[in-house]
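What follows is structure25.txt (compact mmCIF, C-alpha atoms and all ligand atoms).
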```txt
# COMPACT_ATOMS: atom_id res chain seq x y z
CA MET I 1 -130.27 -36.76 25.83
CA GLN I 2 -132.78 -33.91 25.99
CA GLY I 3 -133.19 -34.44 29.71
CA LEU I 4 -129.51 -34.21 30.58
CA ASN I 5 -129.56 -33.58 34.31
CA ILE I 6 -126.35 -32.60 36.01
CA ILE I 7 -126.38 -32.60 39.78
CA ILE I 8 -125.10 -29.34 41.24
CA GLY I 9 -125.78 -29.86 44.92
CA CYS I 10 -128.15 -30.82 47.70
CA ASP I 11 -129.45 -29.23 50.89
CA GLY I 12 -129.88 -32.39 52.93
CA GLU I 13 -133.42 -33.01 51.64
CA ASN I 14 -133.45 -32.09 47.99
CA GLU I 15 -131.02 -32.51 45.14
CA PHE I 16 -130.59 -29.70 42.63
CA TYR I 17 -129.93 -30.25 38.97
CA TRP I 18 -128.88 -28.26 35.92
CA ASN I 19 -130.06 -29.30 32.49
CA PRO I 20 -127.81 -27.64 29.90
CA LEU I 21 -130.18 -28.82 27.15
CA ASP I 22 -133.31 -27.37 28.73
CA PRO I 23 -135.31 -26.06 25.74
CA LYS I 24 -136.18 -22.99 27.82
CA SER I 25 -132.55 -21.96 28.23
CA PRO I 26 -131.00 -19.94 25.39
CA ASN I 27 -127.75 -21.93 25.26
CA PRO I 28 -125.96 -24.73 27.11
CA HIS I 29 -123.26 -22.52 28.59
CA ALA I 30 -122.90 -21.71 32.27
CA LEU I 31 -120.99 -19.11 34.24
CA ILE I 32 -120.23 -19.56 37.93
CA VAL I 33 -119.56 -16.40 39.90
CA GLY I 34 -118.68 -15.85 43.55
CA THR I 35 -116.06 -14.38 45.84
CA THR I 36 -112.79 -16.15 46.55
CA GLY I 37 -113.43 -19.28 48.62
CA ALA I 38 -117.14 -19.33 47.80
CA GLY I 39 -116.82 -22.80 46.28
CA LYS I 40 -116.71 -22.13 42.53
CA THR I 41 -113.95 -24.65 41.84
CA GLN I 42 -115.69 -27.22 44.03
CA LEU I 43 -118.95 -26.74 42.13
CA LEU I 44 -117.08 -27.05 38.84
CA LYS I 45 -115.69 -30.39 39.99
CA THR I 46 -119.21 -31.59 40.86
CA ILE I 47 -120.45 -30.52 37.44
CA ILE I 48 -117.50 -32.24 35.74
CA ALA I 49 -118.34 -35.47 37.58
CA GLY I 50 -121.95 -35.13 36.36
CA PHE I 51 -120.91 -34.88 32.71
CA VAL I 52 -118.47 -37.75 33.05
CA ASN I 53 -121.27 -39.92 34.44
CA HIS I 54 -123.14 -39.18 31.20
CA ASN I 55 -120.08 -40.22 29.14
CA ILE I 56 -119.54 -36.69 27.84
CA PRO I 57 -115.89 -35.70 27.38
CA VAL I 58 -114.71 -32.89 29.62
CA ILE I 59 -111.61 -30.81 28.99
CA VAL I 60 -110.27 -28.74 31.86
CA PHE I 61 -107.58 -26.11 31.57
CA ASP I 62 -105.70 -26.30 34.85
CA ILE I 63 -104.01 -22.99 35.57
CA HIS I 64 -103.11 -23.50 39.24
CA GLY I 65 -102.72 -27.29 39.43
CA GLU I 66 -106.07 -27.65 41.21
CA TYR I 67 -107.39 -30.59 39.20
CA LYS I 68 -104.82 -33.36 39.72
CA LYS I 69 -106.85 -34.80 42.58
CA LEU I 70 -109.96 -34.92 40.41
CA ILE I 71 -108.17 -37.27 38.03
CA GLU I 72 -107.08 -39.44 40.94
CA ASP I 73 -110.70 -39.68 42.08
CA PHE I 74 -112.46 -40.08 38.73
CA GLY I 75 -109.75 -41.29 36.38
CA GLY I 76 -108.79 -39.48 33.20
CA ARG I 77 -105.76 -37.95 31.61
CA TYR I 78 -103.48 -35.30 33.00
CA ILE I 79 -101.69 -33.77 30.04
CA ASN I 80 -98.51 -31.77 30.20
CA PHE I 81 -99.27 -28.84 27.89
CA TYR I 82 -95.66 -27.95 27.20
CA ASP I 83 -94.54 -31.41 26.11
CA ASN I 84 -97.68 -32.76 24.52
CA VAL I 85 -99.69 -29.97 22.95
CA ARG I 86 -98.18 -28.22 19.96
CA ILE I 87 -100.62 -26.04 18.13
CA ASN I 88 -99.69 -24.00 15.10
CA PRO I 89 -101.99 -20.97 15.18
CA LEU I 90 -100.74 -19.83 11.76
CA ASN I 91 -102.18 -22.89 10.04
CA PRO I 92 -104.93 -21.20 8.00
CA GLY I 93 -107.00 -24.37 7.59
CA ASN I 94 -109.71 -23.65 5.06
CA LYS I 95 -109.61 -19.87 5.52
CA GLU I 96 -107.69 -17.15 3.70
CA PRO I 97 -104.31 -16.83 5.42
CA LYS I 98 -104.87 -13.10 5.84
CA ALA I 99 -108.00 -13.81 7.89
CA THR I 100 -105.86 -15.98 10.17
CA ALA I 101 -103.23 -13.23 10.32
CA PHE I 102 -105.88 -10.77 11.43
CA GLU I 103 -107.37 -13.15 13.97
CA ILE I 104 -103.98 -13.99 15.50
CA ARG I 105 -103.10 -10.30 15.64
CA GLU I 106 -106.29 -9.71 17.63
CA ILE I 107 -105.77 -12.62 19.98
CA ILE I 108 -102.15 -11.74 20.74
CA SER I 109 -102.91 -8.08 21.36
CA SER I 110 -105.87 -8.95 23.61
CA ILE I 111 -103.66 -11.03 25.87
CA PHE I 112 -100.36 -9.16 25.66
CA ARG I 113 -101.84 -5.85 26.67
CA ASN I 114 -100.45 -2.43 25.82
CA ILE I 115 -99.52 -3.28 22.28
CA GLY I 116 -100.26 -0.11 20.31
CA ASP I 117 -102.12 0.19 17.00
CA ILE I 118 -98.91 0.62 15.00
CA GLN I 119 -97.38 -2.42 16.67
CA LYS I 120 -100.54 -4.43 16.00
CA ASP I 121 -100.25 -3.50 12.35
CA LYS I 122 -96.58 -4.46 12.27
CA LEU I 123 -97.50 -7.82 13.77
CA TYR I 124 -100.11 -8.31 11.04
CA GLU I 125 -97.61 -7.39 8.33
CA ALA I 126 -94.98 -9.69 9.78
CA ILE I 127 -97.47 -12.60 9.77
CA ILE I 128 -98.39 -11.85 6.15
CA GLU I 129 -94.70 -11.76 5.25
CA THR I 130 -94.24 -15.09 7.01
CA TYR I 131 -96.86 -16.64 4.71
CA ARG I 132 -95.23 -15.08 1.64
CA THR I 133 -91.78 -16.46 2.49
CA LYS I 134 -93.37 -19.91 2.61
CA GLY I 135 -94.79 -19.34 -0.86
CA ILE I 136 -98.36 -18.99 0.43
CA ASP I 137 -100.65 -16.33 -1.08
CA PRO I 138 -102.28 -14.56 1.89
CA ASP I 139 -105.35 -13.75 -0.24
CA LYS I 140 -106.16 -17.25 -1.37
CA VAL I 141 -107.83 -20.06 0.48
CA PRO I 142 -105.25 -22.85 0.39
CA THR I 143 -106.31 -25.61 -1.98
CA SER I 144 -103.71 -28.24 -1.31
CA ASN I 145 -101.88 -29.49 1.71
CA LEU I 146 -99.51 -26.71 2.49
CA ASN I 147 -96.65 -26.43 4.86
CA PRO I 148 -97.76 -23.45 6.92
CA PRO I 149 -95.34 -21.19 8.76
CA ASP I 150 -95.38 -21.21 12.55
CA PHE I 151 -94.41 -18.85 15.36
CA GLY I 152 -90.75 -19.89 14.93
CA ASP I 153 -90.90 -18.53 11.36
CA LEU I 154 -92.65 -15.40 12.59
CA TYR I 155 -89.88 -14.86 15.14
CA THR I 156 -87.29 -15.17 12.37
CA ILE I 157 -89.14 -12.67 10.15
CA ILE I 158 -89.49 -10.08 12.93
CA ASN I 159 -85.78 -10.42 13.76
CA GLU I 160 -84.85 -10.03 10.09
CA GLN I 161 -87.05 -6.97 9.75
CA LEU I 162 -85.30 -5.48 12.79
CA GLU I 163 -81.86 -6.23 11.39
CA ASN I 164 -82.82 -4.42 8.20
CA ASN I 165 -84.27 -1.51 10.11
CA PRO I 166 -82.65 -1.31 13.56
CA LYS I 167 -84.25 2.07 14.26
CA ASP I 168 -87.78 0.70 14.07
CA ILE I 169 -88.61 1.37 17.71
CA ALA I 170 -92.20 0.17 17.42
CA LEU I 171 -91.09 -3.20 16.07
CA ARG I 172 -88.37 -3.49 18.70
CA GLY I 173 -90.96 -2.80 21.41
CA LEU I 174 -93.27 -5.41 19.91
CA LEU I 175 -90.52 -8.02 19.94
CA ALA I 176 -89.60 -7.17 23.53
CA ARG I 177 -93.23 -7.68 24.51
CA LEU I 178 -93.70 -10.94 22.63
CA ARG I 179 -90.32 -12.57 23.20
CA PRO I 180 -91.59 -15.15 25.74
CA LEU I 181 -94.23 -16.19 23.22
CA PHE I 182 -91.51 -17.05 20.70
CA GLU I 183 -88.54 -18.00 22.81
CA PHE I 184 -89.96 -21.22 24.27
CA GLY I 185 -91.12 -22.72 20.99
CA LEU I 186 -94.66 -23.04 22.31
CA PHE I 187 -96.56 -22.57 19.08
CA THR I 188 -94.24 -24.12 16.58
CA ALA I 189 -95.10 -26.83 14.08
CA GLU I 190 -98.10 -28.89 14.94
CA ARG I 191 -97.43 -32.19 16.67
CA GLY I 192 -98.46 -34.11 19.72
CA LEU I 193 -102.01 -34.45 20.81
CA GLU I 194 -104.71 -34.77 18.17
CA MET I 195 -107.93 -32.85 18.82
CA SER I 196 -109.81 -36.13 18.41
CA GLU I 197 -107.92 -37.42 21.47
CA LEU I 198 -109.36 -34.60 23.54
CA LEU I 199 -112.86 -35.53 22.46
CA LYS I 200 -112.73 -39.02 23.91
CA PRO I 201 -115.02 -39.70 26.88
CA GLY I 202 -113.61 -39.01 30.31
CA ILE I 203 -111.77 -36.09 31.83
CA THR I 204 -108.78 -34.53 30.18
CA VAL I 205 -106.94 -32.03 32.33
CA ILE I 206 -104.43 -29.84 30.53
CA ASP I 207 -101.70 -28.80 32.93
CA LEU I 208 -100.59 -25.27 32.09
CA GLN I 209 -98.11 -25.05 34.92
CA THR I 210 -95.73 -27.03 32.73
CA ILE I 211 -95.03 -23.94 30.62
CA PRO I 212 -91.40 -23.28 31.58
CA VAL I 213 -91.79 -19.63 32.42
CA ALA I 214 -94.15 -18.32 35.06
CA SER I 215 -95.98 -16.09 32.62
CA GLU I 216 -99.70 -15.63 33.04
CA GLU I 217 -99.85 -14.31 29.49
CA LEU I 218 -98.39 -17.55 28.14
CA LYS I 219 -100.90 -19.61 30.10
CA ASP I 220 -103.73 -17.43 28.83
CA ILE I 221 -102.70 -17.61 25.20
CA ALA I 222 -102.28 -21.38 25.53
CA VAL I 223 -105.89 -21.64 26.73
CA VAL I 224 -107.26 -19.34 24.05
CA LEU I 225 -105.35 -20.93 21.17
CA THR I 226 -106.19 -24.47 22.28
CA SER I 227 -109.88 -23.57 22.59
CA ARG I 228 -109.77 -21.94 19.15
CA LYS I 229 -108.18 -25.02 17.64
CA LEU I 230 -110.80 -27.23 19.23
CA TRP I 231 -113.59 -24.96 18.03
CA ASN I 232 -112.24 -25.02 14.45
CA TYR I 233 -111.89 -28.78 14.64
CA LEU I 234 -115.49 -29.19 15.78
CA ASN I 235 -116.71 -26.82 13.07
CA VAL I 236 -114.88 -28.65 10.30
CA ASN I 237 -115.78 -32.13 11.47
CA TYR I 238 -119.27 -31.71 12.83
CA LEU I 239 -120.70 -28.71 11.01
CA ASN I 240 -123.29 -30.83 9.25
CA VAL I 241 -124.51 -32.21 12.52
CA LEU I 242 -125.61 -28.76 13.63
CA GLY I 243 -128.13 -28.46 10.83
CA SER I 244 -129.35 -32.04 10.94
CA GLU I 245 -132.36 -33.64 12.52
CA GLU I 246 -130.21 -35.17 15.21
CA ALA I 247 -131.41 -34.35 18.73
CA PRO I 248 -129.29 -31.67 20.39
CA HIS I 249 -126.51 -33.12 22.40
CA ILE I 250 -123.28 -31.99 24.00
CA ARG I 251 -120.15 -33.21 22.30
CA VAL I 252 -117.63 -31.78 24.72
CA VAL I 253 -117.55 -29.66 27.86
CA LEU I 254 -114.82 -27.08 28.16
CA VAL I 255 -114.03 -25.95 31.69
CA LEU I 256 -112.32 -22.61 32.18
CA ASP I 257 -111.71 -21.95 35.84
CA GLU I 258 -110.70 -18.30 36.41
CA ALA I 259 -112.61 -17.36 33.25
CA HIS I 260 -112.37 -13.64 33.99
CA ARG I 261 -108.87 -13.93 32.53
CA TYR I 262 -110.42 -14.40 29.11
CA VAL I 263 -112.79 -11.46 29.06
CA PHE I 264 -111.21 -9.02 26.69
CA GLU I 265 -112.43 -5.51 26.27
CA ASN I 266 -113.64 -4.66 22.76
CA SER I 267 -112.80 -8.07 21.43
CA GLN I 268 -114.85 -10.55 19.49
CA TYR I 269 -112.74 -13.34 20.97
CA ASN I 270 -114.27 -13.43 24.43
CA ILE I 271 -114.67 -16.93 25.70
CA CYS I 272 -117.06 -16.31 28.57
N1 LIG G 1 -120.04 -27.47 49.24
C1 LIG G 1 -118.92 -27.48 49.96
N2 LIG G 1 -118.85 -28.17 51.10
C2 LIG G 1 -117.71 -28.18 51.85
N3 LIG G 1 -116.58 -27.54 51.52
C3 LIG G 1 -116.58 -26.83 50.39
C4 LIG G 1 -117.74 -26.76 49.56
N4 LIG G 1 -117.44 -25.96 48.49
C5 LIG G 1 -116.17 -25.59 48.67
N5 LIG G 1 -115.65 -26.09 49.79
C6 LIG G 1 -114.28 -25.86 50.31
O1 LIG G 1 -114.05 -24.45 50.41
C7 LIG G 1 -112.75 -24.10 49.99
C8 LIG G 1 -112.82 -23.07 48.85
O2 LIG G 1 -113.53 -23.63 47.76
P1 LIG G 1 -113.13 -23.34 46.24
O3 LIG G 1 -114.03 -24.18 45.41
O4 LIG G 1 -111.66 -23.53 46.04
O5 LIG G 1 -113.52 -21.80 46.12
P2 LIG G 1 -113.31 -20.75 44.91
O6 LIG G 1 -112.92 -21.53 43.69
O7 LIG G 1 -114.66 -20.08 44.76
O8 LIG G 1 -112.27 -19.79 45.35
C9 LIG G 1 -112.08 -25.39 49.54
O9 LIG G 1 -111.28 -25.87 50.59
C10 LIG G 1 -113.25 -26.33 49.29
O10 LIG G 1 -112.87 -27.67 49.50
MG MG G 2 -111.31 -21.43 42.39
```
Write the structure described by the file as structure tokens, please.
Amino acid sequence: MQGLNIIIGCDGENEFYWNPLDPKSPNPHALIVGTTGAGKTQLLKTIIAGFVNHNIPVIVFDIHGEYKKLIEDFGGRYINFYDNVRINPLNPGNKEPKATAFEIREIISSIFRNIGDIQKDKLYEAIIETYRTKGIDPDKVPTSNLNPPDFGDLYTIINEQLENNPKDIALRGLLARLRPLFEFGLFTAERGLEMSELLKPGITVIDLQTIPVASEELKDIAVVLTSRKLWNYLNVNYLNVLGSEEAPHIRVVLVLDEAHRYVFENSQYNIC
């Protein structure tokens, strides 16, 4: 698949192609920029159709409900995020739980802006405490199948800490800021869609408008945590492929329309 050619347009005479696997290009990623109405979303749809024609799975995060029509035209799955995707970001996988605690602290504070350093630290400590109450050592890579805590447990711990120390203004402020993240049970115990489902050929559009509160922060964290989960899944399941003799190929295409939403200052978790 070295010569993967994705049509991106034509001028009446010539067709123009993009080859994400061009050996001359440093990586297979692409960024589309332009003013409002310039045709970025339209171009994305053309590119998506190109990948689908090559049988490469495409996952689209649909923030504004712009991609329903695409599914009608090309087939595929339109997935209600709220009902069908339940990711538990506190599942440490094969990493030390404290590394996950740190990572989640960074992700949350990148999206829910204006969380101060002390509040970030309190969030970290609360996550660590959440592991401890589940009998999980935050310093040890889990060896057996564990029953990891989720954001529901984290909510309980923060509330308990506040009951024990009602004058902790920083913690109270943190809870006020993060309440929507906890109140709707979005990131509670893992169930629903398997990551392997997302990697099937065809288009999968994840509808983020189904989140029951019109919070841009909730949509953003849903995109970031789903991408992270997918990335971890690919790393665990296909890591060996990366170092093998196999010809480079694209396993999945992730489409982030409105990607400027995921450019975080001073963060290692930028998606762009
Ligand atoms: N190549 C094109 N030919 C004709 N109409 C186009 C083309 N690209 C975009 N449009 C139309 O222009 C409008 C804005 O395009 P859109 O892709 O939504 O822009 P953006 O995402 O950059 O804001 C839409 O109505 C779209 O259908
Ligand atoms: Mg657009």
Q.
What residues of the protein or nucleic acid chains come within 7 Å of ligand MG 2 (chain G) when you use all atoms listed in the file? Reply as a PyMOL selection string.
A. chain I and resi 36-37+39-41+257-258
Q) Near Met195 in chain I, counting only C-alpha atoms, which residues have an atom at most 8 Å away, once you skip same-chain residues fewer than 4 positions from it, shown as a PyMOL selection string? A) chain I and resi 199+229-230+233
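In this structure, CA of Leu186 in chain I sits 12.6 Å away from CA of Leu90 in chain I.
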Q: Determine, counting only C-alpha atoms, which protein, DNA and RNA residues have an atom within 7 Å of an atom of range 177-183 of chain I; residues of the same chain fewer than 2 positions away are not included. Present the result as a ChimeraX atom specification.
A: /I:151-152,155,173-175,185-186,218
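The two atoms in question, CA of Asn19 in chain I and CA of Asp73 in chain I, are spaced 24.0 Å apart.
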Q.
Between I:Leu123, I:Leu162, I:Leu193, I:Val224, which residue has the minimum interatomic distance to Phe81 in chain I, considering only C-alpha atoms?
A. I:Leu193
